[in-house]
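Single-structure report; data block below.
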Amino acid sequence: MAKSKSGKPQPLMLDDRDHRFAAEENPFEAMMYRFDDAATRLNLEPGLYKVLREPEKQIIVSVPVLRDNGEIEVYTGFRVLHNRSRGPAKGGIRFDLAVSLDEVKALAAWMTWKCAVVNLPFGGGKGGVICDPSSMSDREIERMTRRYTSAIIETLGPESDVPAPDVNTNERVMAWIMDTYSMHKRHTVTGVVTGKPVAMGGSLGRKDATGRGCLVVTLCALAKKKMSAEGATVAVQGFGNVGSTAARLMAEAGMKIIAVSDKSGGAYNPKGLDVAGCLKWTGGGKLLNNYKKGERVTNEELLTLKCDVLVPAALENVITSKNADQIQAKIICEGANGPTTARADAILDQKGVYVIPDILANAGGVTVSYFEWVQDRGGYFWDERTVNERLEKIMKESFNEVAAMAGEHKVSMRIGAYMVAISRVAAMHRMRGVYA
Ligand code: GLU
């Protein structure tokens with residue numbers, strides 16, 4: 001932690017000598033930079049600072065899988081539990097070629113801060129397997145999921161570590177995890193994962209929850225900036241579960257979706273796209289760069305379009321020092337985890353772009369995961385309206401708490417969110433003390 005001559009911690013400033021500048025696209029360093037900044041401003045005790053920087057547990061497993069052609073492939077899987085002081089570790093599992101231990105560590109820590117920002121009784125965890133699911137059959141993905149689950153089974157459990165869907169995983173994958181875990185336990189344990197099919201203990205509203213949360217906080221930001229939601233122009237990067245739901249709900253709320261994209265690129269229409277038409281197109285397995293009712297845009301072009309709201313809802317590191325100064329959006333709602341690098345943050349701040357940070361903007365998903373876990377444990381299920389109302393309440397309150405913290409300390413919403421989160425986790429550690 002940087003200290004001034006008086007010994008008082010000073011907020012960190014990135015400069016070219018800082019190794020985190022060189023490692024702009026390392027998500028763990030990006031997360032740590034924000035953590036360091038917020039922790040310093042909070043005057044966090046050095047001991048606690050050391051505790052919160054390190055993940056509690058990191059598991060690396062080999063996952064042998066019998067391919068359909070009879071050959072055996074061995075995949076590498078990870079599960080990282082960052083911090084469980086406030087409750088069980090919570091966080092998704094992703095299947096992707098870009099998965100690495102550094103990425104999973106960053107994502108696990110982000111989950112700790114995300115759960116704390118919205119004040120859920122959870123810590124943070126994340127998992128992943130390095131694989132290309134698009135080149136695997138459903139049976140192969142099922143075998144890989146079950147073997148990975150059995151490899152990390154000691155950490156799993158409704159009271160210790162509760163996975164959920166993430167990049168390239170879905171409710172089917174959650175059903176396989178739940179079944180594998182339950183077979184080992186010799187009884188059905190629905191609360192071991194969230195994001196399950198509704199018919200097997202999932203929650204109504206979970207699928208739309210992340211996108212719905214993005215809508216709620218975007219409306220809060222528009223109101224704060226005294227901008228009207230009606231007709232506000234929106235560009236959405238990523239048309240998976242988060243991006244497509246955010247686009248649909250924002251269009252329903254009267255906003256004008258002018259661009260959407262998937263990994264192939266996207267479609268742009270300054271007069272507004274028909275989101276239902278885009279959903280029909282992609283639902284039929286087609287890619288958005290071939291969508292006929294709009295001009296083609298690349299993913300890079302989409303980010304710098306003139307619009308009121310930009311929703312990066314795909315992967316990490318899409319807004320970097322290379323393109324941040326070309327961003328024209330007034331508000332960025334981070335549907336993805338880690339779409340903006342620390343270096344880009346500084347540029348966006350200078351330009352006055354209002355960034356609703358990932359750990360707040362996309363916390364709707366884990367909030368309804370929490371509702372699912374509560375419903376599974378109680379064995380009593382809520383209707384969708386109740387779920388959505390409770391989600392909206394938590395998202396609005398959290399937005400206001402973060403905005404208040406940011407205002408009080410004259411920092412960005414991102415650093416404000418980290419400050420809210422770190423102070424909640426730190427308070428728990430102080431009360432619990434250090435077990436010896
Ligand atoms: N993977 C989602 C996230 O990054 C959801 C996590 C959860 O519901 O546990 O927030």
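Here, A, B, ... name the chains of the structure tokens in the order displayed, residue numbers run from 1 inside each chain, and ligands are numbered from 1 in the same displayed order.
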Next item on the list: Could you pull out the residues sitting within 6 Å of ligand 1, using only C-alpha atoms and all ligand atoms, and write them as a count of residues only?
Entry: 11
Next item on the list: Write down as a count of residues only the residues belonging to segment 144-357 of chain A that are assigned alpha helix (DSSP H) by DSSP computed on the backbone.
Entry: 78
Checklist line | Neighbour list for Pro158 of chain A as a ChimeraX atom specification, cut-off 9 Å, only C-alpha atoms, skip fewer than 5 positions in-chain | finding: /A:88,189-193,373,377
Item checked: All strand (DSSP E) positions in segment 9-161 of chain A, as an MDAnalysis selection string -> chainID A and resid 57:66 72:83 89:96 123:130 161
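Compared by their closest atoms to Leu81 of chain A, and using only C-alpha atoms, the residues A:Asn170, A:Gln58, A:Ser261, A:Thr341 rank with A:Gln58 nearest.
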Notebook entry, point to check: Which of these, A:Val420, A:Leu391, A:Cys278, A:Ile153, has the shortest distance to Phe35 of chain A once you count only C-alpha atoms?
Noted result: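 Once distances to Phe35 of chain A are computed over only C-alpha atoms, the minimum belongs to A:Val420.
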Each residue of segment 31-115 of chain A lying at most 12 Å from segment 135-143 of chain A should get a row with its shortest atom-to-atom pair and the distance in Å to one decimal, counting only C-alpha atoms; could you produce that, ordered by chain and increasing number, as CSV?
residue,atom,partner,partner_atom,distance
A:Val63,CA,A:Arg143,CA,9.6
A:Pro64,CA,A:Arg143,CA,9.0
A:Val65,CA,A:Arg143,CA,6.4
A:Leu66,CA,A:Glu140,CA,7.2
A:Arg67,CA,A:Glu140,CA,6.0
A:Asp68,CA,A:Glu140,CA,6.9
A:Asn69,CA,A:Glu140,CA,10.3
A:Gly70,CA,A:Glu140,CA,11.0
A:Glu71,CA,A:Glu140,CA,11.3
A:Ile72,CA,A:Glu140,CA,10.7
A:Glu73,CA,A:Glu140,CA,10.2
A:Val74,CA,A:Arg143,CA,11.8
A:Tyr75,CA,A:Ile141,CA,11.4
A:Phe95,CA,A:Ile141,CA,9.4
A:Asp96,CA,A:Ser135,CA,11.0
A:Leu97,CA,A:Ser135,CA,11.0
Against segment 238-242 of chain A, which residues of segment 302-359 of chain A fall within 9 Å? For each one I want the closest pair of atoms and the distance in Å (one decimal), counting only C-alpha atoms, rows by chain and increasing residue number, as a Markdown table.
| residue | atom | partner | partner_atom | distance |
| --- | --- | --- | --- | --- |
| A:Val311 | CA | A:Gly238 | CA | 8.5 |
| A:Pro312 | CA | A:Gly238 | CA | 6.8 |
| A:Ala313 | CA | A:Gly238 | CA | 5.0 |
| A:Ala314 | CA | A:Gly238 | CA | 4.6 |
| A:Leu315 | CA | A:Gly238 | CA | 8.2 |
| A:Gly335 | CA | A:Val242 | CA | 6.5 |
| A:Ala336 | CA | A:Val242 | CA | 7.8 |
Keeping only C-alpha atoms, write the selected residues as a PDB file, in the first residue's frame.
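And here is the file that came out, again-v1.pdb:
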ATOM      1  CA  VAL A 311     -23.568  -2.484 -22.322  1.00  0.00           C
ATOM      2  CA  PRO A 312     -20.431  -4.631 -22.683  1.00  0.00           C
ATOM      3  CA  ALA A 313     -21.929  -8.042 -21.904  1.00  0.00           C
ATOM      4  CA  ALA A 314     -19.408 -10.462 -23.373  1.00  0.00           C
ATOM      5  CA  LEU A 315     -15.915 -11.087 -22.027  1.00  0.00           C
ATOM      6  CA  GLY A 335     -22.952  -6.704 -17.940  1.00  0.00           C
ATOM      7  CA  ALA A 336     -19.789  -8.829 -18.261  1.00  0.00           C
TER       8      ALA A 336
END
Checklist line | Counting only C-alpha atoms, the option among A:His187, A:Arg172, A:Arg343, A:Lys126 closest to Met200 of chain A | finding: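 Using only C-alpha atoms, Met200 of chain A sits closest to A:Arg172.
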Per residue of segment 68-122 of chain A within 7 Å of segment 395-418 of chain A, note the shortest atom pair and the distance in Å to one decimal, counting only C-alpha atoms, and order the rows by chain and increasing residue number, as a tab-separated table.
residue	atom	partner	partner_atom	distance
A:Trp113	CA	A:Tyr418	CA	6.6
A:Val117	CA	A:Ala417	CA	6.3
A:Val118	CA	A:Ser398	CA	5.5
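If only C-alpha atoms are the atoms counted, then among A:Met111, A:Ile177, A:Ala251, A:Ala346 the closest residue to Asn362 of chain A is A:Met111.
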Next item on the list: Give the answer as one residue: which of A:Asp325, A:Asp262, A:Glu334, A:Asp376 has the shortest atom-to-atom distance to Thr304 of chain A, using only C-alpha atoms?
Entry: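 Looking at the shortest contact to Thr304 of chain A, the residue is A:Asp325.
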